file model-v9.cif (mmCIF, C-alpha atoms and all ligand atoms)
data_work
loop_
_atom_site.label_atom_id
_atom_site.label_comp_id
_atom_site.auth_asym_id
_atom_site.auth_seq_id
_atom_site.Cartn_x
_atom_site.Cartn_y
_atom_site.Cartn_z
CA MET A 1 20.80 22.11 -37.80
CA ASN A 2 17.61 24.09 -37.23
CA ALA A 3 15.84 23.49 -33.92
CA ARG A 4 12.91 21.13 -34.39
CA ILE A 5 9.35 22.51 -34.27
CA ARG A 6 7.52 20.41 -31.70
CA LYS A 7 4.73 22.68 -30.51
CA ALA A 8 1.84 24.42 -32.21
CA VAL A 9 -0.28 27.26 -30.87
CA PHE A 10 -3.96 27.61 -31.79
CA PRO A 11 -5.58 30.93 -30.82
CA VAL A 12 -9.23 30.01 -30.21
CA ALA A 13 -10.43 32.85 -27.97
CA GLY A 14 -12.27 34.88 -30.67
CA LEU A 15 -15.93 35.70 -30.06
CA GLY A 16 -17.14 34.63 -33.50
CA THR A 17 -19.59 37.52 -33.82
CA ARG A 18 -19.92 36.89 -37.55
CA PHE A 19 -21.60 33.57 -36.78
CA LEU A 20 -24.18 34.77 -34.26
CA PRO A 21 -26.57 33.46 -33.12
CA ALA A 22 -24.88 30.02 -33.45
CA THR A 23 -21.84 31.28 -31.53
CA LYS A 24 -23.93 32.31 -28.53
CA THR A 25 -23.31 28.79 -27.25
CA VAL A 26 -21.07 27.05 -29.81
CA PRO A 27 -17.49 28.32 -30.25
CA LYS A 28 -16.86 29.17 -33.92
CA GLU A 29 -14.03 26.64 -33.93
CA MET A 30 -16.59 23.91 -33.19
CA LEU A 31 -18.84 24.69 -36.17
CA THR A 32 -18.71 21.74 -38.50
CA ILE A 33 -17.31 21.33 -41.96
CA VAL A 34 -19.19 18.24 -43.13
CA ASP A 35 -18.98 16.23 -39.89
CA ARG A 36 -15.78 17.49 -38.28
CA PRO A 37 -15.33 20.72 -36.30
CA VAL A 38 -13.23 23.44 -37.91
CA ILE A 39 -10.56 23.03 -35.20
CA GLN A 40 -10.14 19.33 -36.04
CA TYR A 41 -8.99 20.17 -39.58
CA VAL A 42 -6.35 22.55 -38.26
CA VAL A 43 -5.17 20.07 -35.64
CA ASP A 44 -4.97 17.39 -38.37
CA GLU A 45 -2.74 19.72 -40.38
CA ALA A 46 -0.44 20.24 -37.37
CA ARG A 47 -0.21 16.54 -36.59
CA GLU A 48 0.51 15.72 -40.23
CA ALA A 49 3.43 18.18 -40.01
CA GLY A 50 4.88 16.26 -37.05
CA ILE A 51 3.70 18.55 -34.24
CA GLU A 52 3.85 16.78 -30.88
CA HIS A 53 2.19 19.25 -28.51
CA LEU A 54 -0.99 21.24 -29.13
CA ILE A 55 -1.41 24.51 -27.23
CA PHE A 56 -4.85 26.13 -27.27
CA VAL A 57 -5.31 29.73 -26.19
CA THR A 58 -8.98 29.76 -25.23
CA GLY A 59 -11.37 32.22 -23.63
CA ARG A 60 -14.64 32.23 -21.74
CA ASN A 61 -17.32 29.87 -23.11
CA LYS A 62 -14.72 27.77 -24.94
CA GLY A 63 -14.63 24.87 -22.49
CA VAL A 64 -16.26 22.57 -25.03
CA ILE A 65 -13.03 22.68 -27.10
CA GLU A 66 -11.14 21.10 -24.19
CA ASP A 67 -13.89 18.50 -23.78
CA TYR A 68 -13.71 17.74 -27.49
CA PHE A 69 -10.04 16.75 -27.21
CA ASP A 70 -10.74 14.44 -24.27
CA VAL A 71 -12.10 10.89 -24.07
CA GLN A 72 -15.90 10.80 -23.71
CA THR A 73 -16.10 7.71 -21.48
CA GLU A 74 -19.89 7.32 -21.53
CA LEU A 75 -20.13 7.72 -25.28
CA GLN A 76 -17.29 5.23 -25.74
CA ALA A 77 -19.00 2.66 -23.50
CA THR A 78 -22.28 3.05 -25.38
CA LEU A 79 -20.58 2.63 -28.75
CA GLU A 80 -18.73 -0.45 -27.45
CA ASN A 81 -21.98 -2.01 -26.20
CA ARG A 82 -23.53 -1.45 -29.59
CA GLY A 83 -20.53 -2.84 -31.46
CA LYS A 84 -19.96 0.43 -33.35
CA THR A 85 -16.34 -0.32 -34.26
CA THR A 86 -16.10 2.17 -37.15
CA GLU A 87 -17.18 5.08 -34.96
CA LEU A 88 -14.89 3.97 -32.12
CA ASN A 89 -11.90 3.78 -34.47
CA LEU A 90 -12.74 7.22 -35.84
CA LEU A 91 -12.77 8.75 -32.35
CA ALA A 92 -9.55 6.95 -31.38
CA ALA A 93 -7.73 8.20 -34.48
CA ASP A 94 -8.58 11.84 -33.73
CA LEU A 95 -7.82 11.74 -30.00
CA PRO A 96 -4.50 13.38 -29.08
CA GLU A 97 -2.37 11.24 -26.79
CA ALA A 98 -2.75 12.06 -23.07
CA GLY A 99 -0.39 14.85 -22.04
CA THR A 100 0.03 16.30 -25.54
CA THR A 101 -2.50 19.13 -25.21
CA SER A 102 -2.38 22.31 -23.12
CA PHE A 103 -5.03 24.96 -22.59
CA THR A 104 -4.56 28.48 -21.35
CA ARG A 105 -6.86 31.49 -21.40
CA GLN A 106 -6.57 34.84 -23.03
CA GLN A 107 -8.34 36.74 -20.28
CA LEU A 108 -9.10 39.85 -22.35
CA PRO A 109 -9.60 40.19 -26.13
CA LEU A 110 -6.53 42.37 -26.73
CA GLY A 111 -5.55 41.04 -30.15
CA LEU A 112 -3.77 38.16 -31.89
CA GLY A 113 -0.34 39.24 -30.61
CA HIS A 114 -1.64 39.14 -27.06
CA ALA A 115 -3.18 35.68 -27.60
CA VAL A 116 0.18 34.34 -28.82
CA TRP A 117 1.97 35.94 -25.86
CA CYS A 118 -0.47 34.17 -23.50
CA ALA A 119 1.13 30.89 -24.67
CA ARG A 120 4.70 31.95 -23.83
CA GLU A 121 5.14 29.73 -20.76
CA LEU A 122 3.75 26.71 -22.57
CA VAL A 123 5.91 27.32 -25.65
CA GLY A 124 9.13 27.95 -23.72
CA ARG A 125 12.33 29.01 -25.47
CA GLU A 126 11.96 27.07 -28.71
CA PRO A 127 10.63 27.82 -32.19
CA PHE A 128 6.97 26.98 -32.62
CA ALA A 129 4.17 26.82 -35.17
CA LEU A 130 1.11 29.04 -35.05
CA LEU A 131 -2.09 28.12 -36.88
CA LEU A 132 -5.08 30.46 -37.14
CA PRO A 133 -8.15 28.19 -37.12
CA ASP A 134 -10.21 30.58 -39.28
CA MET A 135 -8.13 29.47 -42.24
CA ILE A 136 -8.70 25.93 -43.47
CA MET A 137 -6.08 24.73 -45.94
CA GLN A 138 -6.86 21.89 -48.35
CA ALA A 139 -4.00 20.21 -50.20
CA PRO A 140 -2.48 16.75 -50.71
CA LYS A 141 0.35 17.92 -48.44
CA GLY A 142 -0.76 20.26 -45.64
CA CYS A 143 0.40 23.86 -45.50
CA LEU A 144 2.39 23.45 -42.26
CA ALA A 145 4.04 20.29 -43.63
CA GLN A 146 5.10 22.30 -46.71
CA MET A 147 6.48 25.00 -44.40
CA MET A 148 8.40 22.44 -42.33
CA GLU A 149 10.18 21.29 -45.48
CA MET A 150 11.13 24.84 -46.30
CA TYR A 151 12.23 25.44 -42.69
CA GLU A 152 14.74 22.59 -42.93
CA GLU A 153 16.39 24.54 -45.72
CA THR A 154 16.04 28.15 -44.55
CA GLY A 155 15.50 28.08 -40.77
CA GLY A 156 14.34 31.44 -39.39
CA ASN A 157 10.72 32.53 -39.39
CA ILE A 158 8.31 31.38 -42.10
CA ILE A 159 4.87 32.75 -42.95
CA SER A 160 2.40 31.21 -45.39
CA VAL A 161 1.31 33.73 -48.00
CA GLU A 162 -1.22 33.91 -50.80
CA GLN A 163 -2.10 36.52 -53.36
CA CYS A 164 -5.27 38.58 -53.14
CA GLU A 165 -7.05 41.15 -55.27
CA PRO A 166 -5.52 44.58 -54.51
CA GLU A 167 -8.81 45.83 -53.02
CA ARG A 168 -8.73 43.00 -50.44
CA ALA A 169 -5.22 43.90 -49.18
CA SER A 170 -6.49 46.17 -46.39
CA SER A 171 -8.23 43.16 -44.76
CA TYR A 172 -4.97 41.31 -44.10
CA GLY A 173 -1.33 41.51 -43.10
CA ILE A 174 0.70 42.12 -46.28
CA VAL A 175 4.36 41.28 -46.91
CA GLY A 176 6.98 42.83 -49.20
CA VAL A 177 8.61 40.35 -51.60
CA GLY A 178 12.42 40.06 -51.73
CA GLU A 179 14.85 37.57 -53.27
CA THR A 180 13.95 33.91 -53.85
CA ALA A 181 14.63 31.61 -50.86
CA GLY A 182 13.67 27.94 -50.41
CA SER A 183 10.31 27.38 -52.05
CA GLY A 184 9.41 31.02 -51.46
CA PHE A 185 11.05 34.37 -50.89
CA ARG A 186 12.69 36.60 -48.33
CA ILE A 187 10.24 39.03 -46.73
CA THR A 188 11.44 42.63 -46.89
CA GLU A 189 8.66 44.36 -44.97
CA MET A 190 5.26 43.73 -43.43
CA VAL A 191 2.22 45.85 -42.74
CA GLU A 192 -0.99 44.98 -40.92
CA LYS A 193 -4.21 46.06 -42.66
CA PRO A 194 -2.59 48.65 -44.96
CA ALA A 195 -4.65 51.70 -45.96
CA PRO A 196 -6.07 51.28 -49.50
CA GLY A 197 -3.43 51.79 -52.17
CA THR A 198 -0.45 51.54 -49.79
CA ALA A 199 0.16 47.75 -49.68
CA PRO A 200 3.75 46.75 -50.61
CA SER A 201 2.44 43.75 -52.63
CA ASN A 202 -0.66 41.59 -52.96
CA HIS A 203 0.86 38.74 -50.90
CA PHE A 204 -1.17 38.42 -47.73
CA ILE A 205 -0.37 36.56 -44.53
CA SER A 206 -2.67 33.57 -44.72
CA GLY A 207 -2.60 32.14 -41.19
CA ARG A 208 0.28 29.69 -40.75
CA TYR A 209 3.54 30.71 -39.10
CA ILE A 210 6.80 29.19 -37.91
CA LEU A 211 8.21 31.63 -35.35
CA GLN A 212 11.36 31.90 -33.28
CA PRO A 213 10.90 32.34 -29.50
CA GLU A 214 12.26 35.91 -29.53
CA ILE A 215 8.83 36.98 -30.84
CA MET A 216 7.57 36.50 -27.26
CA ASP A 217 10.07 39.08 -25.92
CA ILE A 218 8.70 41.66 -28.35
CA LEU A 219 5.07 40.76 -27.61
CA ALA A 220 5.83 41.22 -23.90
CA ARG A 221 6.08 44.97 -24.55
CA GLN A 222 2.31 44.89 -25.24
CA GLU A 223 2.30 47.74 -27.74
CA THR A 224 -0.96 48.32 -29.59
CA GLY A 225 -1.21 48.77 -33.35
CA ALA A 226 -3.90 48.57 -36.04
CA GLY A 227 -7.42 48.59 -34.61
CA GLY A 228 -6.06 49.37 -31.11
CA GLU A 229 -5.03 45.70 -30.72
CA ILE A 230 -1.72 44.06 -29.86
CA GLN A 231 -0.83 42.89 -33.35
CA LEU A 232 1.36 39.88 -34.10
CA THR A 233 2.38 41.53 -37.38
CA ASP A 234 3.82 44.53 -35.50
CA ALA A 235 5.94 42.21 -33.34
CA MET A 236 7.14 40.39 -36.48
CA ILE A 237 8.08 43.76 -38.04
CA ALA A 238 10.23 44.48 -34.98
CA LEU A 239 11.86 41.02 -35.15
CA LEU A 240 12.54 41.49 -38.88
CA ALA A 241 15.32 43.91 -37.86
CA ASP A 242 17.25 40.99 -36.27
CA GLN A 243 16.01 37.81 -37.92
CA ALA A 244 15.12 36.50 -41.38
CA PHE A 245 11.48 36.06 -42.36
CA TYR A 246 10.44 34.03 -45.38
CA GLY A 247 7.16 33.91 -47.26
CA MET A 248 5.96 30.53 -48.49
CA PRO A 249 3.27 30.60 -51.17
CA PHE A 250 1.01 27.71 -50.18
CA ASP A 251 0.37 25.13 -52.87
CA GLY A 252 -3.30 24.32 -52.27
CA GLN A 253 -6.71 25.81 -51.57
CA THR A 254 -7.53 28.06 -48.61
CA TYR A 255 -11.00 28.72 -47.16
CA ASP A 256 -11.44 31.71 -44.88
CA CYS A 257 -13.89 30.20 -42.41
CA GLY A 258 -14.04 33.50 -40.55
CA SER A 259 -16.46 34.59 -43.28
CA LYS A 260 -19.80 32.94 -43.99
CA SER A 261 -19.11 32.45 -47.69
CA GLY A 262 -15.68 30.92 -47.00
CA PHE A 263 -17.15 28.60 -44.37
CA LEU A 264 -19.92 27.46 -46.73
CA ALA A 265 -17.45 27.02 -49.59
CA ALA A 266 -15.30 24.84 -47.31
CA ASN A 267 -18.32 22.66 -46.56
CA VAL A 268 -19.01 22.19 -50.26
CA ALA A 269 -15.37 21.53 -51.13
CA TYR A 270 -14.79 19.02 -48.33
CA ALA A 271 -18.07 17.24 -49.02
CA LEU A 272 -17.14 16.92 -52.70
CA ALA A 273 -13.74 15.51 -51.66
CA ARG A 274 -15.40 12.74 -49.62
CA ALA A 275 -16.05 9.52 -51.53
CA ASP A 276 -18.87 8.56 -49.12
CA ILE A 277 -20.80 11.81 -49.64
CA ALA A 278 -19.76 13.30 -52.99
CA PRO A 279 -22.02 11.38 -55.43
CA ALA A 280 -25.30 12.11 -53.61
CA PHE A 281 -24.26 15.63 -52.60
CA GLN A 282 -23.27 16.56 -56.15
CA GLU A 283 -26.73 15.58 -57.35
CA GLU A 284 -28.36 17.70 -54.63
CA LEU A 285 -26.16 20.67 -55.53
CA LYS A 286 -27.04 20.36 -59.22
CA LYS A 287 -30.74 20.40 -58.35
CA ILE A 288 -30.39 23.49 -56.14
CA ILE A 289 -28.42 25.38 -58.80
CA ALA A 290 -30.79 24.36 -61.61
CA ALA A 291 -33.82 25.48 -59.56
CA ARG A 292 -32.30 28.94 -59.10
CA ARG A 293 -31.69 29.56 -62.82
C1 LIG A 301 -4.95 38.06 -38.75
C2 LIG A 301 -3.55 38.64 -38.97
C3 LIG A 301 -3.35 39.05 -40.42
C4 LIG A 301 -3.64 37.86 -41.34
C5 LIG A 301 -5.04 37.29 -41.03
C6 LIG A 301 -5.27 36.01 -41.81
O1 LIG A 301 -5.90 39.08 -38.96
O2 LIG A 301 -3.37 39.74 -38.10
O3 LIG A 301 -2.03 39.50 -40.61
O4 LIG A 301 -3.54 38.27 -42.69
O5 LIG A 301 -5.19 36.98 -39.64
O6 LIG A 301 -6.58 35.57 -41.58
P1 LIG A 301 -7.44 38.95 -38.49
O7 LIG A 301 -8.09 37.99 -39.45
O8 LIG A 301 -7.41 38.43 -37.08
O9 LIG A 301 -8.00 40.34 -38.59
#
call {"tool": "encode", "arguments": {"input": "model-v9.cif", "output": "structure tokens"}}
result
Amino acid sequence: MNARIRKAVFPVAGLGTRFLPATKTVPKEMLTIVDRPVIQYVVDEAREAGIEHLIFVTGRNKGVIEDYFDVQTELQATLENRGKTTELNLLAADLPEAGTTSFTRQQLPLGLGHAVWCARELVGREPFALLLPDMIMQAPKGCLAQMMEMYEETGGNIISVEQCEPERASSYGIVGVGETAGSGFRITEMVEKPAPGTAPSNHFISGRYILQPEIMDILARQETGAGGEIQLTDAMIALLADQAFYGMPFDGQTYDCGSKSGFLAANVAYALARADIAPAFQEELKKIIAARR
């Protein structure tokens, strides 16, 4: 039987320069999609997949993320006094149980691979999930939950993949497609940010991973790759020599909230998926679009 995936790592140390000036004081992971911070959606996806322990790799000026996952005693008391049961229930439902979160800091911005390595002591010697909070995945069954199902069948390392236009390939990690396996395929090769025209396929790494602990041993070597950063993809390429990697095409919609247009699209999509907001919001949208014609 494959070892159970109990822990998830969330790298949240990024500076968020694309969202300045907001990110001068607000971490990009705390920007809201409708009325929930970006990070909440990703944590929801992990919890839905059965994850029991949430590990956040933070950085300077990210303390508010830790506060967000704590009880706000004063706020709770005020809501109780005012009889705001709906709001209280909402907060209670989102609050991770005491002792199920850990926070550590990536002291220097040395790359995604380095951020993951910073979590090594908290992860220990067991397979783990990794979720990049820039990517918000919308589907009836979450992306990580879909990957967990595949993992039961295949074991090994699993990466969520999607297809992109060939000219977008150099913005991502790209995988080579091998034989069918589980609900996806065996990965034959990987390359981080390939030079234009050199990508082995148009399947890009879309931000969800199930990884075996040996990845930490490779990351410990701290070798730099594309962009002068310690790349997770490079460590996965090294591990591919010893272990199987599988690509799982995600059945759902992904929003790249690292870009302004993706973040705005996510806001529209999630608002339209909310019964309490959709009718009024749809009317507003129609008016805006009509006025621009
Ligand atoms: C990272 C990964 C890359 C992946 C991407 C998905 O890149 O290194 O392989 O395709 O996330 O968003 P970054 O966005 O940090 O440049």
call {"tool": "residues_near_ligand", "arguments": {"input": "model-v9.cif", "ligand": "ligand LIG 301 (chain A)", "cutoff": "9 Å", "atoms": "all atoms listed in the file", "output": "PDB file with C-alpha atoms, keeping the file's coordinate frame"}}
result
ATOM      1  CA  GLY A  14     -12.270  34.880 -30.670  1.00  0.00           C
ATOM      2  CA  GLY A 111      -5.550  41.040 -30.150  1.00  0.00           C
ATOM      3  CA  LEU A 112      -3.770  38.160 -31.890  1.00  0.00           C
ATOM      4  CA  GLY A 113      -0.340  39.240 -30.610  1.00  0.00           C
ATOM      5  CA  LEU A 132      -5.080  30.460 -37.140  1.00  0.00           C
ATOM      6  CA  PRO A 133      -8.150  28.190 -37.120  1.00  0.00           C
ATOM      7  CA  ASP A 134     -10.210  30.580 -39.280  1.00  0.00           C
ATOM      8  CA  MET A 135      -8.130  29.470 -42.240  1.00  0.00           C
ATOM      9  CA  VAL A 161       1.310  33.730 -48.000  1.00  0.00           C
ATOM     10  CA  ALA A 169      -5.220  43.900 -49.180  1.00  0.00           C
ATOM     11  CA  SER A 171      -8.230  43.160 -44.760  1.00  0.00           C
ATOM     12  CA  TYR A 172      -4.970  41.310 -44.100  1.00  0.00           C
ATOM     13  CA  GLY A 173      -1.330  41.510 -43.100  1.00  0.00           C
ATOM     14  CA  ILE A 174       0.700  42.120 -46.280  1.00  0.00           C
ATOM     15  CA  MET A 190       5.260  43.730 -43.430  1.00  0.00           C
ATOM     16  CA  VAL A 191       2.220  45.850 -42.740  1.00  0.00           C
ATOM     17  CA  GLU A 192      -0.990  44.980 -40.920  1.00  0.00           C
ATOM     18  CA  LYS A 193      -4.210  46.060 -42.660  1.00  0.00           C
ATOM     19  CA  PHE A 204      -1.170  38.420 -47.730  1.00  0.00           C
ATOM     20  CA  ILE A 205      -0.370  36.560 -44.530  1.00  0.00           C
ATOM     21  CA  SER A 206      -2.670  33.570 -44.720  1.00  0.00           C
ATOM     22  CA  GLY A 207      -2.600  32.140 -41.190  1.00  0.00           C
ATOM     23  CA  ARG A 208       0.280  29.690 -40.750  1.00  0.00           C
ATOM     24  CA  GLN A 231      -0.830  42.890 -33.350  1.00  0.00           C
ATOM     25  CA  LEU A 232       1.360  39.880 -34.100  1.00  0.00           C
ATOM     26  CA  THR A 233       2.380  41.530 -37.380  1.00  0.00           C
ATOM     27  CA  ASP A 256     -11.440  31.710 -44.880  1.00  0.00           C
ATOM     28  CA  GLY A 258     -14.040  33.500 -40.550  1.00  0.00           C
TER      29      GLY A 258
END
call {"tool": "atom_distance", "arguments": {"input": "model-v9.cif", "atom1": "CA of Phe263 (chain A)", "atom2": "CA of Lys286 (chain A)"}}
result
19.7 Å
call {"tool": "atom_distance", "arguments": {"input": "model-v9.cif", "atom1": "CA of Ala49 (chain A)", "atom2": "CA of Gly142 (chain A)"}}
result
7.3 Å
call {"tool": "closest_residue", "arguments": {"input": "model-v9.cif", "among": "A:Arg168, A:Arg60, A:Arg4, A:Arg221", "to": "Leu108 (chain A)", "atoms": "only C-alpha atoms"}}
result
A:Arg60
call {"tool": "closest_residue", "arguments": {"input": "model-v9.cif", "among": "A:Ala278, A:Val34, A:Ala13, A:Ile5", "to": "Met147 (chain A)", "atoms": "only C-alpha atoms"}}
result
A:Ile5
call {"tool": "closest_residue", "arguments": {"input": "model-v9.cif", "among": "A:Ala220, A:Val71, A:Met1, A:Ile210", "to": "Gly247 (chain A)", "atoms": "all atoms listed in the file"}}
result
A:Ile210
call {"tool": "atom_distance", "arguments": {"input": "model-v9.cif", "atom1": "CA of Leu75 (chain A)", "atom2": "CA of Leu90 (chain A)"}}
result
12.9 Å
call {"tool": "closest_atom_pairs", "arguments": {"input": "model-v9.cif", "of": "region 61-180 of chain A", "to": "region 16-25 of chain A", "cutoff": "12 Å", "atoms": "only C-alpha atoms", "output": "JSON lines"}}
result
{"residue": "A:Asn61", "atom": "CA", "partner": "A:Thr25", "partner_atom": "CA", "distance": 7.4}
{"residue": "A:Lys62", "atom": "CA", "partner": "A:Thr25", "partner_atom": "CA", "distance": 9.0}
{"residue": "A:Gly63", "atom": "CA", "partner": "A:Thr25", "partner_atom": "CA", "distance": 10.6}
{"residue": "A:Val64", "atom": "CA", "partner": "A:Thr25", "partner_atom": "CA", "distance": 9.7}
{"residue": "A:Ile65", "atom": "CA", "partner": "A:Thr25", "partner_atom": "CA", "distance": 12.0}
{"residue": "A:Pro109", "atom": "CA", "partner": "A:Gly16", "partner_atom": "CA", "distance": 11.9}
{"residue": "A:Pro133", "atom": "CA", "partner": "A:Gly16", "partner_atom": "CA", "distance": 11.6}
{"residue": "A:Asp134", "atom": "CA", "partner": "A:Gly16", "partner_atom": "CA", "distance": 9.9}
call {"tool": "closest_residue", "arguments": {"input": "model-v9.cif", "among": "A:Met248, A:Glu48, A:Glu189, A:Val38", "to": "Leu264 (chain A)", "atoms": "all atoms listed in the file"}}
result
A:Val38
call {"tool": "build_atoms", "arguments": {"input": "model-v9.cif", "residues": "region 25-45 of chain A", "atoms": "N, CA and C atoms", "output": "PDB file, keeping the file's coordinate frame"}}
result
ATOM      1  N   THR A  25     -23.637  29.942 -28.095  1.00  0.00           N
ATOM      2  CA  THR A  25     -23.310  28.790 -27.250  1.00  0.00           C
ATOM      3  C   THR A  25     -22.245  27.869 -27.854  1.00  0.00           C
ATOM      4  N   VAL A  26     -22.048  27.941 -29.162  1.00  0.00           N
ATOM      5  CA  VAL A  26     -21.070  27.050 -29.810  1.00  0.00           C
ATOM      6  C   VAL A  26     -19.867  27.881 -30.249  1.00  0.00           C
ATOM      7  N   PRO A  27     -18.653  27.583 -29.770  1.00  0.00           N
ATOM      8  CA  PRO A  27     -17.490  28.320 -30.250  1.00  0.00           C
ATOM      9  C   PRO A  27     -17.367  28.187 -31.768  1.00  0.00           C
ATOM     10  N   LYS A  28     -16.924  29.234 -32.450  1.00  0.00           N
ATOM     11  CA  LYS A  28     -16.860  29.170 -33.920  1.00  0.00           C
ATOM     12  C   LYS A  28     -15.939  28.040 -34.394  1.00  0.00           C
ATOM     13  N   GLU A  29     -14.958  27.713 -33.559  1.00  0.00           N
ATOM     14  CA  GLU A  29     -14.030  26.640 -33.930  1.00  0.00           C
ATOM     15  C   GLU A  29     -14.688  25.264 -33.897  1.00  0.00           C
ATOM     16  N   MET A  30     -15.880  25.189 -33.279  1.00  0.00           N
ATOM     17  CA  MET A  30     -16.590  23.910 -33.190  1.00  0.00           C
ATOM     18  C   MET A  30     -17.684  23.787 -34.250  1.00  0.00           C
ATOM     19  N   LEU A  31     -17.878  24.819 -35.067  1.00  0.00           N
ATOM     20  CA  LEU A  31     -18.840  24.690 -36.170  1.00  0.00           C
ATOM     21  C   LEU A  31     -18.298  23.623 -37.111  1.00  0.00           C
ATOM     22  N   THR A  32     -19.193  22.888 -37.743  1.00  0.00           N
ATOM     23  CA  THR A  32     -18.710  21.740 -38.500  1.00  0.00           C
ATOM     24  C   THR A  32     -18.538  22.006 -39.987  1.00  0.00           C
ATOM     25  N   ILE A  33     -17.492  21.434 -40.515  1.00  0.00           N
ATOM     26  CA  ILE A  33     -17.310  21.330 -41.960  1.00  0.00           C
ATOM     27  C   ILE A  33     -17.554  19.866 -42.266  1.00  0.00           C
ATOM     28  N   VAL A  34     -18.639  19.581 -42.950  1.00  0.00           N
ATOM     29  CA  VAL A  34     -19.190  18.240 -43.130  1.00  0.00           C
ATOM     30  C   VAL A  34     -19.512  17.662 -41.739  1.00  0.00           C
ATOM     31  N   ASP A  35     -18.663  16.796 -41.193  1.00  0.00           N
ATOM     32  CA  ASP A  35     -18.980  16.230 -39.890  1.00  0.00           C
ATOM     33  C   ASP A  35     -17.850  16.387 -38.884  1.00  0.00           C
ATOM     34  N   ARG A  36     -16.899  17.270 -39.208  1.00  0.00           N
ATOM     35  CA  ARG A  36     -15.780  17.490 -38.280  1.00  0.00           C
ATOM     36  C   ARG A  36     -15.719  18.972 -37.916  1.00  0.00           C
ATOM     37  N   PRO A  37     -15.430  19.299 -36.656  1.00  0.00           N
ATOM     38  CA  PRO A  37     -15.330  20.720 -36.300  1.00  0.00           C
ATOM     39  C   PRO A  37     -14.149  21.384 -37.017  1.00  0.00           C
ATOM     40  N   VAL A  38     -14.294  22.664 -37.266  1.00  0.00           N
ATOM     41  CA  VAL A  38     -13.230  23.440 -37.910  1.00  0.00           C
ATOM     42  C   VAL A  38     -11.870  23.170 -37.248  1.00  0.00           C
ATOM     43  N   ILE A  39     -11.842  23.177 -35.908  1.00  0.00           N
ATOM     44  CA  ILE A  39     -10.560  23.030 -35.200  1.00  0.00           C
ATOM     45  C   ILE A  39      -9.891  21.686 -35.494  1.00  0.00           C
ATOM     46  N   GLN A  40     -10.705  20.656 -35.764  1.00  0.00           N
ATOM     47  CA  GLN A  40     -10.140  19.330 -36.040  1.00  0.00           C
ATOM     48  C   GLN A  40      -9.287  19.356 -37.318  1.00  0.00           C
ATOM     49  N   TYR A  41      -9.755  20.090 -38.329  1.00  0.00           N
ATOM     50  CA  TYR A  41      -8.990  20.170 -39.580  1.00  0.00           C
ATOM     51  C   TYR A  41      -7.618  20.805 -39.354  1.00  0.00           C
ATOM     52  N   VAL A  42      -7.597  21.826 -38.498  1.00  0.00           N
ATOM     53  CA  VAL A  42      -6.350  22.550 -38.260  1.00  0.00           C
ATOM     54  C   VAL A  42      -5.405  21.706 -37.412  1.00  0.00           C
ATOM     55  N   VAL A  43      -5.979  20.988 -36.447  1.00  0.00           N
ATOM     56  CA  VAL A  43      -5.170  20.070 -35.640  1.00  0.00           C
ATOM     57  C   VAL A  43      -4.619  18.942 -36.511  1.00  0.00           C
ATOM     58  N   ASP A  44      -5.435  18.428 -37.422  1.00  0.00           N
ATOM     59  CA  ASP A  44      -4.970  17.390 -38.370  1.00  0.00           C
ATOM     60  C   ASP A  44      -3.757  17.896 -39.139  1.00  0.00           C
ATOM     61  N   GLU A  45      -3.848  19.140 -39.596  1.00  0.00           N
ATOM     62  CA  GLU A  45      -2.740  19.720 -40.380  1.00  0.00           C
ATOM     63  C   GLU A  45      -1.462  19.787 -39.535  1.00  0.00           C
TER      64      GLU A  45
END
